[in-house]
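Chemist: First, the structure itself, so that you have it in front of you.
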Amino acid sequence: MTDLAAPGAPASHQQPVRRRPTIPLGVALAIAWLIGMIVVALLADRITPYGVTAMDLKNRLALPGNTGHWLGTDELGRDVLSRLIASVRISLMIAFGATLISAFVGTLLGFLAAHLRGAFEQMVLMLADFQASMPFLIMALAVLAFFGSSLPTLIGLMGIYGWERYARISRGLAISAGQQGYAGAIRQLGATPARIYLRHILPNIASTLIVSMTLVFPEVILLESGLSFLGLGVQPPMTSLGNMVGYGREYLTRAPWIMLAPSLAIVVTTFAVSMLGDWLRDRLDPTLR
Amino acid sequence: MSRLKGFLWFLALRLARATATLAICVTIVFVVLRSAGDPLASLLPDDTPPDVVEIYRERFGLDQSIWQQYLGYLQSVAHGDFGRSFVHHRDALAVVWERVPATLELGGLALIAAVLIGVPLGVLATFGRNTWVDRAAMSAAVFGYSLPNFFLAILLILWLSLSLRLLPSAGSDLPQHLIMPIIVLGAPAAAKIARFTRTSMVEVIGQPFMRAAAAKGVPTRPRLIGHAFPNAAIPVVTFLGFEIGAMIGGGVVTETIFAWPGLGRLLVQAVGQRDLAVVQTIVLMIAATMVCANLLVDLAYGWLDPRVRVGLRGTGK
């Protein structure tokens, strides 16, 4: 990997601890892309040139690259760039929301299992096994059939995805941390279990959990775009990246740009997060290697 | 004697686990079904007189306590009665059953293709470890599983159907119709299998018995294929069990895009029409399949790797 630092700079493991770590070029690009996506998502309302549903009937299926519509228009004359920006916002919102929910739920259940042991632990482990063995897309489709699709349902549903990984990791690490000296020492000092888990054990396992989040996050984006692609995820007039791809599929021959732009956004974003995750894993967490 | 006892104990544990998993699944489906709202509200028109609603409530057993309903549900599932499809006006199980062969055909062929490509690719990568062969194989693998399946499908349609006009874009009448779905479904699986095979091989190569074989003078190729591969293949078998789940999920998207008349497409249609009887039948059927697949993988593991049978305590993964 190429280093951003000047040539001849010593490799990072030889440096004194306080020096800033060097970041490989690929990872730097990935971080830049992700920051760009987040900024786009946050400013979506201000930077969309047109309304998401605004139609320009004189310019239907306009080619990309013209000054009015940089990425062209779809068959109703809606601006593809504006829809792309709005889609990025919805897709990222779902992915962030879901990743946070599943990290919270999974870690909580893992800690509870480690603390309570016994029947509760067995139940958590059994549910985790169950979740890991059942294809999630099938469960998601079933839930959508029963409850219908709305944005909160979708975020909550995606929030179930991946909890079992955090639960297994946090349970395993909490049990081993509980046997180490520091946890016992604080317990002797009279700290409550909540304090031990949140203030002392959590910071020690945070890096592993963050790495797991970078693994779950792209999968959530892919799941959501898969569901939306099938027309069962985000519902119109709202739009997500998967929605745009599914919708653009019908105009594949006449207007491939409608689906290529959101597809590339999905591919590059998931790739960037995976790359960042790999790098973080190598840096932060020798146990997962 | 003790070996047989050990094996029976292993078998009993596995069977108990499989049954428990299925029970959880049926229970979850029941809970979701009941919490999704009054089933009668979606069945009957809004202006149905209350006394007629009551008659239906009694007929479906909805006036009983939730525990009685649960027991009744377990009973009907055990009898293979999953309710009637509102859309097809037939027994849901019959509707679902018709679609099974198409899905098995596509999924089976894709899995075979994935194994035939993935395993040799992984082994090849270990032969030329840290050379361009390794890097090329592993880059292809990363590419294969990081592309979303719908995107890969659309690219293939654009390229092979629309621009080269080689293959039909959707349908199920000709053998050519199978090619693109197999690629879309098999490519990510092949990629993951290749990576997993490589990791597993590299791990085995580091073991003392491989050094012993090298010291004994066994040449590289027989050493890797005859000594390392059989050991490395054991975890790959387990991995295949998990991969079946991923392929069922991938099959949903693949079948929908290529209009393949299998379970996945039926599921998407049933979800769109909220045909709950069909949805729950498919979900329970897939759950049963996964439980059986995991059970078979566990048994195969115990059969292939004697250490698992001996060290029973290590089986609770």
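Ordering of the structure tokens sets the chain letters (A, B, ...); residue numbers start at 1 within each chain; ligands are numbered from 1 in the order shown.
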Would you tabulate, counting only C-alpha atoms, all residues of chain B that have an atom at most 6 Å from an atom of chain A, showing the closest pair of atoms and their distance in Å to one decimal, sorted by chain then ascending number, as a tab-separated table?
Modeler:
residue	atom	partner	partner_atom	distance
B:Ala36	CA	A:Phe146	CA	5.6
B:Gly245	CA	A:Pro135	CA	5.1
B:Gly249	CA	A:Leu137	CA	5.5
B:Val271	CA	A:Ala145	CA	4.5
B:Arg274	CA	A:Ala145	CA	5.2
Chemist: Please produce a file of the residues just selected, as a short mmCIF file (atom, residue, chain, number, x, y, z; two decimals), in the first residue's frame, where the atoms kept are N, CA and C atoms.
Modeler:
data_model
loop_
_atom_site.label_atom_id
_atom_site.label_comp_id
_atom_site.auth_asym_id
_atom_site.auth_seq_id
_atom_site.Cartn_x
_atom_site.Cartn_y
_atom_site.Cartn_z
N ALA B 36 -49.55 -8.99 13.95
CA ALA B 36 -49.65 -8.18 12.75
C ALA B 36 -51.06 -7.59 12.59
N GLY B 245 -27.78 -20.96 3.01
CA GLY B 245 -28.67 -19.89 3.46
C GLY B 245 -28.50 -18.64 2.62
N GLY B 249 -31.25 -16.65 0.05
CA GLY B 249 -31.51 -15.21 0.04
C GLY B 249 -31.22 -14.62 -1.34
N VAL B 271 -45.45 -11.56 -0.91
CA VAL B 271 -45.27 -10.44 0.01
C VAL B 271 -45.96 -9.21 -0.55
N ARG B 274 -49.53 -9.58 -0.04
CA ARG B 274 -49.79 -9.91 1.37
C ARG B 274 -50.56 -11.22 1.49
#
Chemist: Report as a ChimeraX atom specification all protein, DNA and RNA residues lying within 6 Å of segment 87-97 of chain A, evaluated on only C-alpha atoms, omitting residues in the same chain fewer than 6 positions from it.
Modeler: /A:41,155,220-221,239-241
Chemist: Return the single residue from B:Ser163, B:Thr220, B:Gln176, B:Ser200 that is closest to Val237 of chain B, with distances computed using only C-alpha atoms.
Modeler: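 Of all the options, B:Ser200 lies closest to Val237 of chain B.
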Chemist: Among segment 19-259 of chain A, which ones does DSSP assign to helix (DSSP H, G or I) (computed from the backbone)? Answer as a ChimeraX atom specification.
Modeler: /A:25-42,44-47,57-59,80-116,118-133,136-147,151-160,163-178,181-188,193-229,241-251,257-259
Chemist: Could you work out how far atom CA of Ser176 of chain A lies from atom CA of Gly110 of chain A, giving the answer in Å with one decimal?
Modeler: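 These two atoms are separated by 12.5 Å.
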Chemist: Using only C-alpha atoms, which of the listed residues (B:Gly144, B:Pro50, B:Gly251, B:Gly6) sits closest to Ala110 of chain B?
Modeler: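 Ranked by minimum distance to Ala110 of chain B, first place goes to B:Gly251.
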Chemist: Hey, what's within 8 Å of segment 96-109 of chain B if we count only C-alpha atoms and toss same-chain stuff fewer than 2 positions away? As a PyMOL selection string, please?
Modeler: chain B and resi 92-94+111-113+178+181-182+185+247-248+251+260-264+266+278+281-282
Chemist: Give me, as a list of chain:residue names, all polymer residues having an atom no more than 8 Å from segment 198-207 of chain A, counting only C-alpha atoms and skipping those fewer than 4 positions away in the same chain.
Modeler: A:Ser170, A:Leu173, A:Ala174, A:Ala177, A:Ala183, A:Ala194, A:Val211, A:Leu284, A:Asp285
Chemist: Please provide the set of residues having any atom within 10 Å of segment 60-64 of chain A, restricted to only C-alpha atoms, with same-chain residues fewer than 5 positions apart removed, written as a ChimeraX atom specification.
Modeler: /A:55,69-81,251,254-258
Chemist: Generate the output file for the selected residues, N, CA and C atoms, as a CSV table (one decimal), in the first residue's frame.
Modeler:
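Resulting contents of selection_9.csv:
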chain,number,residue,atom,x,y,z
A,55,MET,N,-41.4,17.3,-12.1
A,55,MET,CA,-41.2,16.8,-13.4
A,55,MET,C,-41.0,17.9,-14.4
A,69,HIS,N,-29.5,19.3,-16.5
A,69,HIS,CA,-29.6,18.0,-15.7
A,69,HIS,C,-28.3,17.3,-15.8
A,70,TRP,N,-27.4,17.4,-14.8
A,70,TRP,CA,-26.0,16.8,-15.0
A,70,TRP,C,-26.1,15.3,-15.2
A,71,LEU,N,-27.0,14.6,-14.5
A,71,LEU,CA,-27.0,13.2,-14.7
A,71,LEU,C,-28.2,12.7,-15.5
A,72,GLY,N,-28.8,13.7,-16.3
A,72,GLY,CA,-29.9,13.3,-17.1
A,72,GLY,C,-31.3,13.3,-16.3
A,73,THR,N,-32.3,12.9,-17.0
A,73,THR,CA,-33.6,12.8,-16.4
A,73,THR,C,-34.2,11.4,-16.7
A,74,ASP,N,-35.3,11.1,-15.9
A,74,ASP,CA,-35.9,9.8,-16.1
A,74,ASP,C,-37.1,10.0,-17.1
A,75,GLU,N,-38.0,9.0,-17.2
A,75,GLU,CA,-39.0,9.1,-18.2
A,75,GLU,C,-40.1,10.1,-17.8
A,76,LEU,N,-40.2,10.5,-16.6
A,76,LEU,CA,-41.1,11.6,-16.2
A,76,LEU,C,-40.5,12.9,-16.2
A,77,GLY,N,-39.2,13.0,-16.6
A,77,GLY,CA,-38.5,14.2,-16.7
A,77,GLY,C,-38.0,14.6,-15.3
A,78,ARG,N,-37.9,13.7,-14.3
A,78,ARG,CA,-37.4,14.0,-13.0
A,78,ARG,C,-35.8,14.0,-13.0
A,79,ASP,N,-35.2,14.9,-12.3
A,79,ASP,CA,-33.8,15.1,-12.4
A,79,ASP,C,-33.1,13.9,-11.6
A,80,VAL,N,-32.2,13.2,-12.3
A,80,VAL,CA,-31.6,12.0,-11.7
A,80,VAL,C,-30.7,12.4,-10.6
A,81,LEU,N,-29.9,13.5,-10.8
A,81,LEU,CA,-29.0,13.9,-9.7
A,81,LEU,C,-29.8,14.2,-8.4
A,251,TYR,N,-36.0,0.9,-17.8
A,251,TYR,CA,-35.6,1.7,-18.9
A,251,TYR,C,-34.1,1.4,-19.2
A,254,ARG,N,-33.2,2.1,-23.0
A,254,ARG,CA,-33.3,3.5,-23.5
A,254,ARG,C,-32.6,4.4,-22.6
A,255,ALA,N,-32.5,4.2,-21.3
A,255,ALA,CA,-31.9,5.2,-20.4
A,255,ALA,C,-31.1,4.5,-19.3
A,256,PRO,N,-30.0,3.8,-19.7
A,256,PRO,CA,-29.2,3.1,-18.6
A,256,PRO,C,-28.7,4.0,-17.5
A,257,TRP,N,-28.6,5.3,-17.7
A,257,TRP,CA,-28.0,6.2,-16.7
A,257,TRP,C,-28.9,6.3,-15.5
A,258,ILE,N,-30.2,6.0,-15.6
A,258,ILE,CA,-31.1,6.1,-14.5
A,258,ILE,C,-30.7,5.1,-13.4
Chemist: Find the spatial neighbours of segment 66-79 of chain B, counting only C-alpha atoms, within a cut-off of 12 Å - ignore same-chain residues fewer than 5 positions away - and output them as a list in words.
Modeler: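 Contacts, in chain order: Leu22, Ala23, Ile24, Cys25, Val26, Thr27, Ile28, Val29, Phe30, Val31, Leu33, Arg34, Ser35, Arg57, Glu58, Phe60, Gly61, Ala92, Leu93, Ala277, Gln280, Thr281, Leu284 and Met285 of chain B.
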Chemist: Write the residues of the preceding selection, restricted to C-alpha atoms, as a PDB file, in the first residue's frame.
Modeler:
ATOM      1  CA  LEU B  22     -37.619 -25.352  14.403  1.00  0.00           C
ATOM      2  CA  ALA B  23     -39.835 -24.812  17.447  1.00  0.00           C
ATOM      3  CA  ILE B  24     -38.422 -21.287  17.848  1.00  0.00           C
ATOM      4  CA  CYS B  25     -39.127 -20.589  14.213  1.00  0.00           C
ATOM      5  CA  VAL B  26     -42.736 -21.787  14.339  1.00  0.00           C
ATOM      6  CA  THR B  27     -43.255 -19.771  17.519  1.00  0.00           C
ATOM      7  CA  ILE B  28     -41.818 -16.612  15.983  1.00  0.00           C
ATOM      8  CA  VAL B  29     -44.036 -17.002  12.929  1.00  0.00           C
ATOM      9  CA  PHE B  30     -47.044 -17.460  15.197  1.00  0.00           C
ATOM     10  CA  VAL B  31     -46.179 -14.386  17.284  1.00  0.00           C
ATOM     11  CA  LEU B  33     -48.838 -13.514  12.610  1.00  0.00           C
ATOM     12  CA  ARG B  34     -50.872 -12.656  15.708  1.00  0.00           C
ATOM     13  CA  SER B  35     -49.236  -9.298  16.356  1.00  0.00           C
ATOM     14  CA  ARG B  57     -64.031 -15.587  14.775  1.00  0.00           C
ATOM     15  CA  GLU B  58     -65.414 -18.814  16.222  1.00  0.00           C
ATOM     16  CA  PHE B  60     -61.122 -19.792  12.951  1.00  0.00           C
ATOM     17  CA  GLY B  61     -60.775 -20.379  16.681  1.00  0.00           C
ATOM     18  CA  ALA B  92     -50.904 -22.814   0.323  1.00  0.00           C
ATOM     19  CA  LEU B  93     -48.669 -25.865   0.606  1.00  0.00           C
ATOM     20  CA  ALA B 277     -50.511 -18.225   4.072  1.00  0.00           C
ATOM     21  CA  GLN B 280     -45.544 -18.404   6.194  1.00  0.00           C
ATOM     22  CA  THR B 281     -45.399 -21.690   4.265  1.00  0.00           C
ATOM     23  CA  LEU B 284     -41.269 -22.395   7.522  1.00  0.00           C
ATOM     24  CA  MET B 285     -40.114 -24.501   4.591  1.00  0.00           C
TER      25      MET B 285
END
Chemist: Show me, as JSON, numbers by chain, the residues that have an atom within 8 Å of Val236 of chain B when counting only C-alpha atoms, minus same-chain residues fewer than 6 positions from it.
Modeler: {"B": [193, 196, 197, 200]}
